[in-house]
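Novice: The structure that follows is given in the form of structure tokens.
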Amino acid sequence: MTLDYFVADVFTNQIFSGAQIAVFPNADDLTDEQMTLISREINLWETVFIFKPTNNDATRKMRVFSPRGVEIDFAGHPLIAAAFVLGETGVVDTSQENVSITVQQNSGDIDVSISSTDGKVTFVQFAKTVSSVIDRYTPSATEIAKFLGIDADDIDHNKYSTRLVSCGYPYLIVPVWNYAAVRKAKFDYAAWSHSAGPQTAAQEILLFSPKTPHVDSDFHVRLLGPNIGINDDPPVGSVTPSFAAYLCSFDITQLGTHAFSVCRGDAAVRRSVINVEMDNKKKPDLALRIGGEAVMVSEGRMHIPAKAS
């Protein structure tokens, strides 16, 4: 079997930036074993496999695998990549300036809006409503500073505070005063294992600053944790709903609709910009619209054996 695939850089308008996502737009004949092996072979942040829908309300169905061959039930970057590739390759008609599609994921159906100019995709946005659980029991500032490799004075105790937030997957969200503190952080596994951190059930820490040197973003963020390489700066699409819920848990976030941008990485680490709209009603459910740009990087053909050797 030979299949075409595409690689898109997501949450960026510049090639060789953002997050690299591979998309197989015609994956109907693939088995789980083949998708696992393909994702390992591609070895990008995530690989997307697109199928014909299994319900009449959806445009396409997608499944997402990590390079370790682990299937991911919900992922934001792959949603943007999938819709972008479907539009750029003509599977979805982009002759109109705005078109809406529905994509099936394991976590449920997601509504996606594709904006185009002269048939070229310019922006992709998906809508999602999440329910969050927020816990204020967290490790002490001293412990947090030790396992993040920062100073305790770097942590913001005034405007924000450290909280544990889960929209299905728990994250420890830690505010710091400035961009430099986010960039200098280095996860220390030994300090983590001797702290109260593992007791929170969170395996990933979102470190963020409300100050950034970039004019196109309001927050700078970075994921760290025991399963993340010390020099890695992974995509943050999946944690964005939890970050939005975190912001809404503070009284300083007033009722109403808020729009903001989140960036990760820097000039040396494939910078991404994620645009977020949230409807803060101080209720358990939070309506979100998350979007961004993407650019096509490459396309190829993969020769896939019928059976894995």
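Convention: chains lettered A, B, ... in structure tokens order; per-chain residue numbering from 1; ligands numbered from 1 as shown.
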Given only C-alpha atoms, how would the per-residue table for segment 23-137 of chain A near segment 303-307 of chain A read, listing every residue at most 12 Å away with its closest atom pair and distance in Å to one decimal, sorted by chain and number, as a Markdown table?

Specialist:
```
| residue | atom | partner | partner_atom | distance |
| --- | --- | --- | --- | --- |
| A:Ala27 | CA | A:Ile304 | CA | 11.4 |
| A:Asp29 | CA | A:Ala306 | CA | 9.8 |
| A:Leu30 | CA | A:Ala306 | CA | 8.9 |
| A:Thr31 | CA | A:Ala306 | CA | 9.1 |
| A:Asp32 | CA | A:Lys307 | CA | 11.2 |
| A:Glu33 | CA | A:Lys307 | CA | 8.6 |
| A:Gln34 | CA | A:Ile304 | CA | 7.7 |
| A:Met35 | CA | A:Ile304 | CA | 9.9 |
| A:Thr36 | CA | A:Ile304 | CA | 11.9 |
| A:Leu37 | CA | A:Ile304 | CA | 9.6 |
| A:Ile38 | CA | A:Ile304 | CA | 8.3 |
| A:Glu41 | CA | A:Ile304 | CA | 11.0 |
```

Novice: To test your reading of the structure, identify every residue in segment 49-230 of chain A that backbone DSSP assigns to strand (DSSP E), and report it as a PDB file with C-alpha atoms, in the first residue's frame.

Specialist:
```
ATOM      1  CA  PHE A  49      -4.741   9.771  10.267  1.00  0.00           C
ATOM      2  CA  ILE A  50      -7.947  10.891   8.557  1.00  0.00           C
ATOM      3  CA  PHE A  51     -10.861   8.589   7.714  1.00  0.00           C
ATOM      4  CA  ARG A  60     -14.149  13.436   8.595  1.00  0.00           C
ATOM      5  CA  LYS A  61     -12.850  11.265  11.436  1.00  0.00           C
ATOM      6  CA  MET A  62      -9.296  11.585  12.732  1.00  0.00           C
ATOM      7  CA  ARG A  63      -7.027   9.595  14.996  1.00  0.00           C
ATOM      8  CA  VAL A  64      -3.797  10.923  16.461  1.00  0.00           C
ATOM      9  CA  PHE A  65      -0.657   9.027  17.495  1.00  0.00           C
ATOM     10  CA  GLU A  71      -2.985   7.152  20.671  1.00  0.00           C
ATOM     11  CA  ILE A  72      -4.147  10.594  21.846  1.00  0.00           C
ATOM     12  CA  ASN A  98     -15.367  30.734   5.708  1.00  0.00           C
ATOM     13  CA  VAL A  99     -16.410  27.098   5.813  1.00  0.00           C
ATOM     14  CA  SER A 100     -17.339  24.927   8.803  1.00  0.00           C
ATOM     15  CA  ILE A 101     -16.631  21.233   9.172  1.00  0.00           C
ATOM     16  CA  THR A 102     -17.112  18.690  11.968  1.00  0.00           C
ATOM     17  CA  VAL A 103     -14.255  16.369  12.872  1.00  0.00           C
ATOM     18  CA  GLN A 104     -14.638  13.199  14.922  1.00  0.00           C
ATOM     19  CA  GLN A 105     -12.000  12.566  17.578  1.00  0.00           C
ATOM     20  CA  GLY A 108     -16.070  13.526  20.632  1.00  0.00           C
ATOM     21  CA  ASP A 109     -17.045  15.645  17.646  1.00  0.00           C
ATOM     22  CA  ILE A 110     -15.316  19.016  17.240  1.00  0.00           C
ATOM     23  CA  ASP A 111     -16.610  21.927  15.139  1.00  0.00           C
ATOM     24  CA  VAL A 112     -13.866  23.529  13.060  1.00  0.00           C
ATOM     25  CA  SER A 113     -13.947  26.778  11.079  1.00  0.00           C
ATOM     26  CA  ILE A 114     -11.613  27.249   8.107  1.00  0.00           C
ATOM     27  CA  SER A 115     -10.958  30.785   6.821  1.00  0.00           C
ATOM     28  CA  SER A 116      -9.535  31.229   3.327  1.00  0.00           C
ATOM     29  CA  THR A 117      -8.482  33.933   0.901  1.00  0.00           C
ATOM     30  CA  LYS A 120      -5.730  29.431   0.384  1.00  0.00           C
ATOM     31  CA  VAL A 121      -6.290  28.579   4.035  1.00  0.00           C
ATOM     32  CA  THR A 122      -5.366  31.527   6.258  1.00  0.00           C
ATOM     33  CA  PHE A 123      -6.720  30.573   9.697  1.00  0.00           C
ATOM     34  CA  VAL A 124      -8.236  27.530  11.401  1.00  0.00           C
ATOM     35  CA  GLN A 125     -10.255  27.637  14.613  1.00  0.00           C
ATOM     36  CA  PHE A 126     -12.030  24.929  16.579  1.00  0.00           C
ATOM     37  CA  ALA A 127     -14.683  25.206  19.285  1.00  0.00           C
ATOM     38  CA  LYS A 128     -14.654  23.140  22.452  1.00  0.00           C
ATOM     39  CA  THR A 129     -16.514  23.251  25.753  1.00  0.00           C
ATOM     40  CA  VAL A 130     -14.611  21.902  28.737  1.00  0.00           C
ATOM     41  CA  SER A 131     -15.335  21.147  32.366  1.00  0.00           C
ATOM     42  CA  VAL A 133     -11.491  20.568  38.257  1.00  0.00           C
ATOM     43  CA  ILE A 134      -9.254  23.036  40.096  1.00  0.00           C
ATOM     44  CA  ASP A 135      -7.318  22.244  43.265  1.00  0.00           C
ATOM     45  CA  ARG A 163      -2.994  25.691  41.010  1.00  0.00           C
ATOM     46  CA  LEU A 164      -3.689  22.163  39.838  1.00  0.00           C
ATOM     47  CA  VAL A 165      -6.102  22.173  36.888  1.00  0.00           C
ATOM     48  CA  SER A 166      -7.625  19.259  35.011  1.00  0.00           C
ATOM     49  CA  PRO A 170      -4.075  17.198  35.325  1.00  0.00           C
ATOM     50  CA  TYR A 171      -1.530  19.992  34.947  1.00  0.00           C
ATOM     51  CA  LEU A 172       0.293  21.913  37.642  1.00  0.00           C
ATOM     52  CA  ILE A 173       0.141  25.540  36.464  1.00  0.00           C
ATOM     53  CA  VAL A 174       2.822  27.831  37.867  1.00  0.00           C
ATOM     54  CA  PRO A 175       2.917  31.630  37.302  1.00  0.00           C
ATOM     55  CA  ILE A 205       3.904  21.516  34.707  1.00  0.00           C
ATOM     56  CA  LEU A 206       2.814  24.566  32.718  1.00  0.00           C
ATOM     57  CA  LEU A 207       5.079  27.476  33.557  1.00  0.00           C
ATOM     58  CA  PHE A 208       3.794  30.840  32.327  1.00  0.00           C
ATOM     59  CA  SER A 209       4.493  34.552  32.387  1.00  0.00           C
ATOM     60  CA  PHE A 219       1.344  35.057  27.722  1.00  0.00           C
ATOM     61  CA  HIS A 220       4.510  33.033  27.305  1.00  0.00           C
ATOM     62  CA  VAL A 221       4.219  29.386  28.356  1.00  0.00           C
ATOM     63  CA  ARG A 222       6.324  26.257  28.571  1.00  0.00           C
ATOM     64  CA  LEU A 223       5.653  22.639  29.510  1.00  0.00           C
ATOM     65  CA  LEU A 224       8.081  20.779  31.745  1.00  0.00           C
TER      66      LEU A 224
END
```

Novice: Give me, as a PyMOL selection string, the residues of segment 77-178 of chain A that a backbone DSSP run labels alpha helix (DSSP H).

Specialist: chain A and resi 77-88+141-148

Novice: Counting only C-alpha atoms, what is within 10 Å of Ser249 of chain A, bar same-chain residues fewer than 3 positions away, as a list of chain:residue names?

Specialist: A:Ser132, A:Ile134, A:Tyr160, A:Arg163, A:Val165, A:Phe243, A:Ala244, A:Ala245, A:Tyr246, A:Ile252, A:Thr253, A:Asn280, A:Lys282, A:Lys283

Novice: With distances taken over only C-alpha atoms, which of A:Thr138, A:Asn106, A:Ser298, A:Ser66 is nearest to Ala196 of chain A?

Specialist: A:Thr138

Novice: Counting only C-alpha atoms, which residues of segment 25-91 of chain A fall within 12 Å of segment 230-240 of chain A, and what is the closest atom pair for each with its distance in Å at one decimal, ordered by chain and rising number, as a Markdown table?

Specialist:
```
| residue | atom | partner | partner_atom | distance |
| --- | --- | --- | --- | --- |
| A:Leu44 | CA | A:Pro234 | CA | 10.9 |
| A:Trp45 | CA | A:Pro235 | CA | 7.8 |
| A:Glu46 | CA | A:Pro235 | CA | 9.8 |
| A:Ile72 | CA | A:Ser238 | CA | 10.0 |
| A:Asp73 | CA | A:Ser238 | CA | 10.2 |
| A:Phe74 | CA | A:Ser238 | CA | 7.2 |
| A:Ala75 | CA | A:Ser238 | CA | 5.3 |
| A:Gly76 | CA | A:Gly237 | CA | 4.7 |
| A:His77 | CA | A:Gly237 | CA | 5.6 |
| A:Pro78 | CA | A:Gly237 | CA | 8.9 |
| A:Leu79 | CA | A:Gly237 | CA | 9.6 |
| A:Ile80 | CA | A:Gly237 | CA | 9.8 |
| A:Ala81 | CA | A:Gly237 | CA | 11.7 |
```

Novice: Take atom CA of His258 of chain A and atom CA of Thr12 of chain A and report the distance between them in Å, one decimal.

Specialist: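 Computed distance, atom CA of His258 of chain A to atom CA of Thr12 of chain A, equals 21.4 Å.
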
Novice: Counting only C-alpha atoms, figure out which residue out of A:Phe187, A:Phe147, A:Trp192, A:Phe250 gets nearest to Lys159 of chain A.

Specialist: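 Answer, going by the shortest atom-to-atom distance: A:Phe250.
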
Novice: Could you tell me how far atom CA of Ile150 of chain A sits from atom CA of Ala268 of chain A, in Å to one decimal place?

Specialist: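 If I compute the distance from atom CA of Ala268 of chain A to atom CA of Ile150 of chain A, I get 20.7 Å.
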